[in-house]
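This is protein.cif. It holds mmCIF, C-alpha atoms, pLDDT in the B column; chains and numbers go by the auth columns.
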data_target
loop_
_atom_site.group_PDB
_atom_site.id
_atom_site.type_symbol
_atom_site.label_atom_id
_atom_site.label_comp_id
_atom_site.label_asym_id
_atom_site.label_seq_id
_atom_site.Cartn_x
_atom_site.Cartn_y
_atom_site.Cartn_z
_atom_site.B_iso_or_equiv
_atom_site.auth_seq_id
_atom_site.auth_asym_id
ATOM 1 C CA MET A 1 50.851 128.966 -24.422 50.00 61 O
ATOM 2 C CA SER A 2 52.362 127.598 -21.222 52.00 62 O
ATOM 3 C CA ILE A 3 54.260 124.373 -20.718 57.00 63 O
ATOM 4 C CA ASN A 4 53.888 122.687 -17.385 54.00 64 O
ATOM 5 C CA ASN A 5 55.986 119.825 -15.973 53.00 65 O
ATOM 6 C CA ILE A 6 58.539 120.023 -18.761 55.00 66 O
ATOM 7 C CA ASN A 7 61.053 117.820 -16.921 53.00 67 O
ATOM 8 C CA ASN A 8 58.662 115.963 -14.669 52.00 68 O
ATOM 9 C CA ASN A 9 60.262 117.669 -11.655 52.00 69 O
ATOM 10 C CA GLY A 10 57.625 116.413 -9.281 52.00 70 O
ATOM 11 C CA GLN A 11 58.173 112.804 -10.314 55.00 71 O
ATOM 12 C CA LYS A 12 61.977 113.113 -10.206 55.00 72 O
ATOM 13 C CA GLN A 13 61.871 114.465 -6.661 58.00 73 O
ATOM 14 C CA VAL A 14 59.828 111.446 -5.569 59.00 74 O
ATOM 15 C CA ILE A 15 62.378 109.101 -7.164 63.00 75 O
ATOM 16 C CA ASP A 16 65.316 110.965 -5.509 72.00 76 O
ATOM 17 C CA ASN A 17 63.600 110.727 -2.110 73.00 77 O
ATOM 18 C CA GLN A 18 63.075 107.001 -2.628 77.00 78 O
ATOM 19 C CA LYS A 19 66.798 106.534 -3.405 76.00 79 O
ATOM 20 C CA VAL A 20 67.808 108.461 -0.284 75.00 80 O
ATOM 21 C CA ASN A 21 65.439 106.397 1.842 78.00 81 O
ATOM 22 C CA GLN A 22 66.796 103.158 0.366 81.00 82 O
ATOM 23 C CA GLN A 23 70.390 104.210 1.072 81.00 83 O
ATOM 24 C CA GLN A 24 69.536 105.174 4.629 83.00 84 O
ATOM 25 C CA THR A 25 67.807 101.845 5.188 84.00 85 O
ATOM 26 C CA GLN A 26 70.804 99.946 3.782 83.00 86 O
ATOM 27 C CA ASN A 27 73.216 101.910 5.974 79.00 87 O
ATOM 28 C CA HIS A 28 71.082 101.277 9.055 77.00 88 O
ATOM 29 C CA GLN A 29 70.897 97.550 8.281 79.00 89 O
ATOM 30 C CA ALA A 30 74.667 97.371 7.756 76.00 90 O
ATOM 31 C CA ASN A 31 75.275 99.136 11.082 72.00 91 O
ATOM 32 C CA GLU A 32 72.916 96.781 12.915 74.00 92 O
ATOM 33 C CA ALA A 33 74.567 93.748 11.298 68.00 93 O
ATOM 34 C CA ALA A 34 78.000 94.993 12.353 66.00 94 O
ATOM 35 C CA LYS A 35 76.822 95.460 15.941 67.00 95 O
ATOM 36 C CA SER A 36 75.295 91.997 16.183 66.00 96 O
ATOM 37 C CA ALA A 37 78.105 90.137 14.367 60.00 97 O
ATOM 38 C CA PRO A 38 80.564 88.308 16.604 64.00 98 O
ATOM 39 C CA SER A 39 83.707 90.338 17.034 66.00 99 O
ATOM 40 C CA GLN A 40 86.745 88.984 15.295 71.00 100 O
ATOM 41 C CA PRO A 41 90.041 88.726 17.137 76.00 101 O
ATOM 42 C CA VAL A 42 92.187 91.822 16.902 78.00 102 O
ATOM 43 C CA ARG A 43 95.213 91.359 14.687 81.00 103 O
ATOM 44 C CA GLN A 44 98.527 92.202 16.251 86.00 104 O
ATOM 45 C CA ASP A 45 101.088 93.970 14.092 86.00 105 O
ATOM 46 C CA SER A 46 104.729 93.143 14.514 85.00 106 O
ATOM 47 C CA VAL A 47 108.029 94.587 13.424 83.00 107 O
ATOM 48 C CA SER A 48 111.340 92.840 13.108 83.00 108 O
ATOM 49 C CA LEU A 49 114.671 94.506 12.491 81.00 109 O
ATOM 50 C CA THR A 50 117.534 93.006 10.559 89.00 110 O
ATOM 51 C CA GLN A 51 120.793 92.416 12.349 88.00 111 O
ATOM 52 C CA SER A 52 122.344 95.372 10.509 87.00 112 O
ATOM 53 C CA ALA A 53 119.532 97.665 11.671 86.00 113 O
ATOM 54 C CA GLN A 54 119.968 96.454 15.241 87.00 114 O
ATOM 55 C CA GLN A 55 123.722 97.139 15.085 88.00 115 O
ATOM 56 C CA LEU A 56 123.084 100.592 13.658 88.00 116 O
ATOM 57 C CA ALA A 57 120.628 101.351 16.465 88.00 117 O
ATOM 58 C CA GLN A 58 123.228 100.286 19.046 88.00 118 O
ATOM 59 C CA VAL A 59 125.895 102.485 17.453 86.00 119 O
ATOM 60 C CA GLN A 60 123.522 105.455 17.368 87.00 120 O
ATOM 61 C CA LYS A 61 122.621 104.932 21.016 87.00 121 O
ATOM 62 C CA LYS A 62 126.283 104.754 22.024 84.00 122 O
ATOM 63 C CA SER A 63 127.080 107.896 20.058 81.00 123 O
ATOM 64 C CA THR A 64 124.523 109.895 22.037 83.00 124 O
ATOM 65 C CA GLU A 65 126.014 108.691 25.325 83.00 125 O
ATOM 66 C CA VAL A 66 129.578 109.813 24.517 80.00 126 O
ATOM 67 C CA PRO A 67 130.551 113.101 26.162 86.00 127 O
ATOM 68 C CA VAL A 68 131.416 115.968 23.817 86.00 128 O
ATOM 69 C CA ASN A 69 134.486 118.152 24.362 91.00 129 O
ATOM 70 C CA GLN A 70 132.798 121.441 23.524 92.00 130 O
ATOM 71 C CA GLU A 71 136.057 123.432 23.764 95.00 131 O
ATOM 72 C CA LYS A 72 137.658 121.232 21.103 94.00 132 O
ATOM 73 C CA VAL A 73 134.591 121.522 18.882 94.00 133 O
ATOM 74 C CA GLU A 74 134.694 125.326 19.072 95.00 134 O
ATOM 75 C CA ARG A 75 138.454 125.380 18.409 95.00 135 O
ATOM 76 C CA LEU A 76 138.008 123.170 15.313 94.00 136 O
ATOM 77 C CA LYS A 77 135.097 125.293 14.049 95.00 137 O
ATOM 78 C CA LYS A 78 137.214 128.433 14.247 96.00 138 O
ATOM 79 C CA ALA A 79 140.162 126.736 12.509 95.00 139 O
ATOM 80 C CA ILE A 80 137.910 125.504 9.685 93.00 140 O
ATOM 81 C CA GLN A 81 136.240 128.902 9.249 95.00 141 O
ATOM 82 C CA SER A 82 139.567 130.710 9.132 96.00 142 O
ATOM 83 C CA GLY A 83 141.056 128.174 6.697 93.00 143 O
ATOM 84 C CA GLU A 84 143.805 127.096 9.121 94.00 144 O
ATOM 85 C CA TYR A 85 142.547 123.508 9.489 92.00 145 O
ATOM 86 C CA SER A 86 144.215 120.942 7.238 92.00 146 O
ATOM 87 C CA VAL A 87 143.394 117.262 6.786 91.00 147 O
ATOM 88 C CA ASN A 88 145.976 114.505 6.348 93.00 148 O
ATOM 89 C CA PRO A 89 144.164 112.081 3.964 94.00 149 O
ATOM 90 C CA GLU A 90 146.313 109.038 4.871 96.00 150 O
ATOM 91 C CA ASN A 91 145.768 109.565 8.577 95.00 151 O
ATOM 92 C CA LEU A 92 142.020 110.099 8.024 95.00 152 O
ATOM 93 C CA ALA A 93 141.693 106.878 5.985 96.00 153 O
ATOM 94 C CA LYS A 94 143.598 104.910 8.629 95.00 154 O
ATOM 95 C CA ASN A 95 141.340 106.219 11.419 94.00 155 O
ATOM 96 C CA ILE A 96 138.155 105.477 9.438 94.00 156 O
ATOM 97 C CA ALA A 97 139.324 101.908 8.785 93.00 157 O
ATOM 98 C CA LEU A 98 140.182 101.483 12.478 93.00 158 O
ATOM 99 C CA GLN A 99 136.748 102.704 13.575 91.00 159 O
ATOM 100 C CA GLU A 100 134.971 100.423 11.113 90.00 160 O
ATOM 101 C CA SER A 101 136.903 97.421 12.369 89.00 161 O
ATOM 102 C CA GLU A 102 135.951 98.313 15.952 87.00 162 O
ATOM 103 C CA ILE A 103 132.285 98.803 15.058 83.00 163 O
ATOM 104 C CA PHE A 104 131.879 95.731 12.899 83.00 164 O
ATOM 105 C CA GLY A 105 134.372 93.488 14.721 77.00 165 O
ATOM 106 C CA ARG A 106 136.756 93.004 11.831 66.00 166 O
ATOM 107 C CA ASN A 107 140.505 92.938 12.082 57.00 167 O
#
Starting from the file, give its structure as structure tokens.
Amino acid sequence: MSINNINNNGQKQVIDNQKVNQQQTQNHQANEAAKSAPSQPVRQDSVSLTQSAQQLAQVQKKSTEVPVNQEKVERLKKAIQSGEYSVNPENLAKNIALQESEIFGRN
């Protein structure tokens, strides 16, 4: 005994082909509609920076323009690596406060 067309393969293939054709037709129609539709104005993106961000950008720019004393940098590196470099915490705090007041205009 033989069983033919158990899953109706022939009929299913016809249905699948119909779906593909419908999708292709819809895609083609959508593409044609997009081509013939009046173009909408292009939106312009914009960015605005806060005052703090602008100040930070200025400080960063200035820091790249400052010349570097490479000899001093090398001397400090060697002193740190050998353990000979010591930091005076009071002097460091005073200098940090002075720099902040110069950067942010506070006295």
Can you work out the spacing between atom CA of O:Arg135 and atom CA of O:Leu152 in Å, to one decimal?
->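 These atoms are spaced 18.8 Å apart.
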Work out where the centre of an axis-aligned box around every listed atom of stretch 111-117 of chain O lies and how long its edges are once 5 Å is added on each side; give both in Å to one decimal as lines of an AutoDock Vina configuration file.
center_x = 121.6
center_y = 96.9
center_z = 13.5
size_x = 14.2
size_y = 18.9
size_z = 16.0
Do you have the atom CA of O:Asn129-atom CA of O:Glu162 distance handy?
->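 It comes out at 21.6 Å.
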Hey, which of O:Gly143, O:Gln111, O:Arg103, O:Leu136 ends up closest to O:Phe164? Count all atoms listed in the file.
-> O:Gln111
Find, counting all atoms listed in the file, the residue in O:Val80, O:Val119, O:Ala113, O:Ala90 that gets nearest to O:Gln159.
->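 Looking only at the distances to O:Gln159, the closest residue turns out to be O:Val119.
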